[in-house]
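Peer 1: Take this structure, written in structure tokens, and hold onto it; I'll ask about it next.
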Amino acid sequence: MEDIGSKLKETREGMDISLEETSEDLNLTIEELENLEAGNMKFFNDVGRIKSLLEQYGKYLGLNYENLVDDFNEYLFDYTSKLSISEIKKADKKQRKEEKNKIKS
């Protein structure tokens with residue numbers, strides 16, 4: 001993911017576009033952009049949001065956004081295939097507990 005983020009950052013900087021300008025043009029926060037460029041997946045709540053941002057940001061920079069999303073999918077596959085069953089069960093248990101504790105109207 002860091003490679004993808006670096007590519008975005010290098011392209012943006014090579015075009016002499018500031019984070020502030022990008023933020024305004026894409027209607028995203030600077031924090032979102034910084035975390036995307038840093039490859040910080042944990043900042044985002046879901047994978048769908050990351051894919052959407054990669055597509056949006058890639059188009060903005062004139063990059064092949066489909067390749068960015070494909071690279072992300074490959075990264076995600078590699079990342080998740082390294083998780084142990086116990087880690088997956090632990091995360092599932094945590095998510096169920098959080099959902100149970102949510103206030104429902």
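How things are named: the first chain in the structure tokens is A, the next is B, and so on; residues count from 1 in each chain; ligands count from 1 in the order shown.
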List the spatial neighbours of range 31-39 of chain A as a list in words - criterion: any atom at most 7 Å away, only C-alpha atoms, same-chain residues fewer than 5 positions off excluded.

Peer 2: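 Listing them by chain and then by number gives Met1, Glu2, Ile4, Gly5, Ser6, Leu8 and Lys9 of chain A.
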
Peer 1: Taking 3 positions as the minimum chain separation for residues in the same chain, which residues sit within 12 Å of Arg12 in chain A when counting only C-alpha atoms? Answer as a CSV table (one decimal) with N, CA, C and O atoms, in the first residue's frame.

Peer 2:
chain,number,residue,atom,x,y,z
A,5,GLY,N,0.6,4.7,-2.4
A,5,GLY,CA,0.6,6.0,-1.8
A,5,GLY,C,1.7,6.9,-2.3
A,5,GLY,O,1.6,8.1,-2.6
A,6,SER,N,2.9,6.3,-2.3
A,6,SER,CA,4.1,7.0,-2.8
A,6,SER,C,3.9,7.5,-4.3
A,6,SER,O,4.3,8.6,-4.6
A,7,LYS,N,3.3,6.6,-5.1
A,7,LYS,CA,3.1,6.9,-6.5
A,7,LYS,C,2.1,8.1,-6.6
A,7,LYS,O,2.3,9.1,-7.4
A,8,LEU,N,1.1,8.1,-5.7
A,8,LEU,CA,0.2,9.3,-5.7
A,8,LEU,C,0.9,10.5,-5.3
A,8,LEU,O,0.7,11.6,-6.0
A,9,LYS,N,1.6,10.5,-4.2
A,9,LYS,CA,2.3,11.6,-3.7
A,9,LYS,C,3.3,12.2,-4.7
A,9,LYS,O,3.4,13.4,-5.0
A,15,MET,N,3.5,17.4,-10.3
A,15,MET,CA,2.6,18.3,-11.0
A,15,MET,C,2.5,19.6,-10.3
A,15,MET,O,1.8,20.5,-10.7
A,16,ASP,N,3.3,19.8,-9.2
A,16,ASP,CA,3.3,21.0,-8.4
A,16,ASP,C,1.9,21.4,-7.8
A,16,ASP,O,1.5,22.5,-7.9
A,17,ILE,N,1.2,20.3,-7.4
A,17,ILE,CA,-0.2,20.5,-6.8
A,17,ILE,C,0.0,20.3,-5.3
A,17,ILE,O,0.5,19.3,-4.8
A,18,SER,N,-0.5,21.3,-4.5
A,18,SER,CA,-0.4,21.1,-3.0
A,18,SER,C,-1.5,20.2,-2.5
A,18,SER,O,-2.5,20.0,-3.2
A,19,LEU,N,-1.3,19.8,-1.3
A,19,LEU,CA,-2.4,19.0,-0.6
A,19,LEU,C,-3.6,19.8,-0.4
A,19,LEU,O,-4.7,19.3,-0.6
A,20,GLU,N,-3.4,21.1,-0.1
A,20,GLU,CA,-4.6,22.0,0.1
A,20,GLU,C,-5.4,22.1,-1.2
A,20,GLU,O,-6.7,22.0,-1.1
A,21,GLU,N,-4.8,22.3,-2.3
A,21,GLU,CA,-5.5,22.4,-3.6
A,21,GLU,C,-6.2,21.1,-3.9
A,21,GLU,O,-7.3,21.1,-4.4
A,22,THR,N,-5.5,20.0,-3.7
A,22,THR,CA,-6.1,18.7,-4.0
A,22,THR,C,-7.3,18.4,-3.1
A,22,THR,O,-8.3,17.9,-3.5
A,23,SER,N,-7.2,18.8,-1.8
A,23,SER,CA,-8.2,18.7,-0.9
A,23,SER,C,-9.5,19.5,-1.3
A,23,SER,O,-10.6,18.9,-1.3
A,33,LEU,N,-6.0,12.6,2.6
A,33,LEU,CA,-5.0,12.5,1.5
A,33,LEU,C,-3.7,12.1,2.1
A,33,LEU,O,-3.0,11.3,1.5
A,34,GLU,N,-3.3,12.7,3.2
A,34,GLU,CA,-2.0,12.3,3.8
A,34,GLU,C,-1.9,10.8,4.1
A,34,GLU,O,-0.9,10.2,3.9
A,37,GLU,N,-1.7,8.8,0.9
A,37,GLU,CA,-0.3,8.9,0.4
A,37,GLU,C,0.7,8.1,1.2
A,37,GLU,O,1.7,7.7,0.7
A,57,TYR,N,-8.7,9.8,-6.8
A,57,TYR,CA,-7.4,10.5,-6.8
A,57,TYR,C,-6.6,10.2,-8.1
A,57,TYR,O,-6.0,11.0,-8.6
A,58,GLY,N,-6.7,8.9,-8.5
A,58,GLY,CA,-6.0,8.5,-9.7
A,58,GLY,C,-6.5,9.3,-10.9
A,58,GLY,O,-5.7,9.7,-11.7
A,59,LYS,N,-7.8,9.4,-11.1
A,59,LYS,CA,-8.4,10.2,-12.2
A,59,LYS,C,-7.9,11.6,-12.1
A,59,LYS,O,-7.6,12.2,-13.1
A,60,TYR,N,-8.0,12.2,-10.9
A,60,TYR,CA,-7.6,13.6,-10.7
A,60,TYR,C,-6.1,13.8,-11.2
A,60,TYR,O,-5.8,14.8,-11.8
A,61,LEU,N,-5.3,12.8,-10.9
A,61,LEU,CA,-3.9,13.0,-11.3
A,61,LEU,C,-3.5,12.5,-12.7
A,61,LEU,O,-2.4,12.6,-13.1
A,62,GLY,N,-4.5,12.0,-13.4
A,62,GLY,CA,-4.3,11.5,-14.7
A,62,GLY,C,-3.6,10.2,-14.8
A,62,GLY,O,-3.1,9.8,-15.8
A,63,LEU,N,-3.7,9.4,-13.7
A,63,LEU,CA,-3.1,8.1,-13.6
A,63,LEU,C,-4.1,7.0,-14.1
A,63,LEU,O,-5.3,7.3,-14.1

Peer 1: For the helix (DSSP H, G or I) assignment from backbone DSSP, which residues of chain A qualify? Please present them as a PyMOL selection string.

Peer 2: chain A and resi 2-14+19-26+30-38+41-43+47-61+65-81+85-101

Peer 1: Generate the output file for the selected residues, C-alpha atoms, as a short mmCIF file (atom, residue, chain, number, x, y, z; two decimals), in the first residue's frame.

Peer 2:
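Result file follows (result.cif):
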data_model
loop_
_atom_site.label_atom_id
_atom_site.label_comp_id
_atom_site.auth_asym_id
_atom_site.auth_seq_id
_atom_site.Cartn_x
_atom_site.Cartn_y
_atom_site.Cartn_z
CA GLU A 2 2.92 2.32 0.69
CA ASP A 3 4.03 1.94 -2.95
CA ILE A 4 0.62 3.05 -4.17
CA GLY A 5 0.59 6.01 -1.78
CA SER A 6 4.10 7.01 -2.82
CA LYS A 7 3.08 6.94 -6.47
CA LEU A 8 0.15 9.26 -5.74
CA LYS A 9 2.32 11.64 -3.72
CA GLU A 10 5.15 11.71 -6.25
CA THR A 11 2.72 12.35 -9.10
CA ARG A 12 0.95 15.14 -7.22
CA GLU A 13 4.22 16.80 -6.22
CA GLY A 14 5.59 16.38 -9.75
CA LEU A 19 -2.36 18.98 -0.61
CA GLU A 20 -4.58 21.97 0.09
CA GLU A 21 -5.47 22.38 -3.59
CA THR A 22 -6.08 18.66 -3.97
CA SER A 23 -8.24 18.69 -0.86
CA GLU A 24 -10.38 21.49 -2.25
CA ASP A 25 -10.63 19.99 -5.75
CA LEU A 26 -11.60 16.52 -4.54
CA ILE A 30 -6.00 16.83 4.03
CA GLU A 31 -5.84 14.10 6.66
CA GLU A 32 -7.48 11.61 4.26
CA LEU A 33 -5.03 12.53 1.52
CA GLU A 34 -2.01 12.32 3.81
CA ASN A 35 -3.04 8.89 5.06
CA LEU A 36 -3.73 7.66 1.54
CA GLU A 37 -0.35 8.89 0.35
CA ALA A 38 1.32 7.30 3.39
CA MET A 41 -4.95 1.60 5.54
CA LYS A 42 -5.88 1.60 9.22
CA PHE A 43 -7.02 5.23 9.01
CA VAL A 47 -11.81 -1.23 1.90
CA GLY A 48 -14.53 0.13 -0.36
CA ARG A 49 -13.70 3.66 0.74
CA ILE A 50 -10.02 3.16 -0.06
CA LYS A 51 -10.83 1.81 -3.54
CA SER A 52 -13.14 4.75 -4.17
CA LEU A 53 -10.46 7.22 -3.08
CA LEU A 54 -7.83 5.53 -5.23
CA GLU A 55 -10.11 5.78 -8.24
CA GLN A 56 -11.01 9.40 -7.56
CA TYR A 57 -7.45 10.48 -6.79
CA GLY A 58 -6.00 8.50 -9.69
CA LYS A 59 -8.39 10.16 -12.17
CA TYR A 60 -7.57 13.56 -10.71
CA LEU A 61 -3.86 12.99 -11.25
CA TYR A 65 -6.90 4.41 -11.79
CA GLU A 66 -7.83 0.85 -12.77
CA ASN A 67 -4.18 -0.15 -12.31
CA LEU A 68 -4.14 1.57 -8.91
CA VAL A 69 -7.21 -0.39 -7.81
CA ASP A 70 -5.74 -3.62 -9.22
CA ASP A 71 -2.50 -2.97 -7.32
CA PHE A 72 -4.51 -2.35 -4.16
CA ASN A 73 -6.49 -5.57 -4.65
CA GLU A 74 -3.24 -7.49 -5.03
CA TYR A 75 -1.83 -5.84 -1.91
CA LEU A 76 -5.02 -6.63 -0.01
CA PHE A 77 -4.92 -10.28 -1.08
CA ASP A 78 -1.29 -10.59 0.03
CA TYR A 79 -2.04 -8.81 3.32
CA THR A 80 -5.08 -10.89 4.22
CA SER A 81 -3.51 -14.19 3.18
CA ILE A 85 -7.06 -17.93 11.76
CA SER A 86 -6.72 -16.80 15.37
CA GLU A 87 -6.26 -13.17 14.27
CA ILE A 88 -9.36 -13.41 12.08
CA LYS A 89 -11.40 -14.93 14.92
CA LYS A 90 -10.15 -12.26 17.32
CA ALA A 91 -11.12 -9.46 14.91
CA ASP A 92 -14.54 -11.05 14.33
CA LYS A 93 -15.14 -11.34 18.06
CA LYS A 94 -14.15 -7.70 18.56
CA GLN A 95 -16.46 -6.55 15.76
CA ARG A 96 -19.40 -8.55 17.13
CA LYS A 97 -18.81 -7.05 20.57
CA GLU A 98 -18.73 -3.52 19.13
CA GLU A 99 -21.93 -4.14 17.18
CA LYS A 100 -23.63 -5.51 20.28
CA ASN A 101 -22.65 -2.39 22.24
#
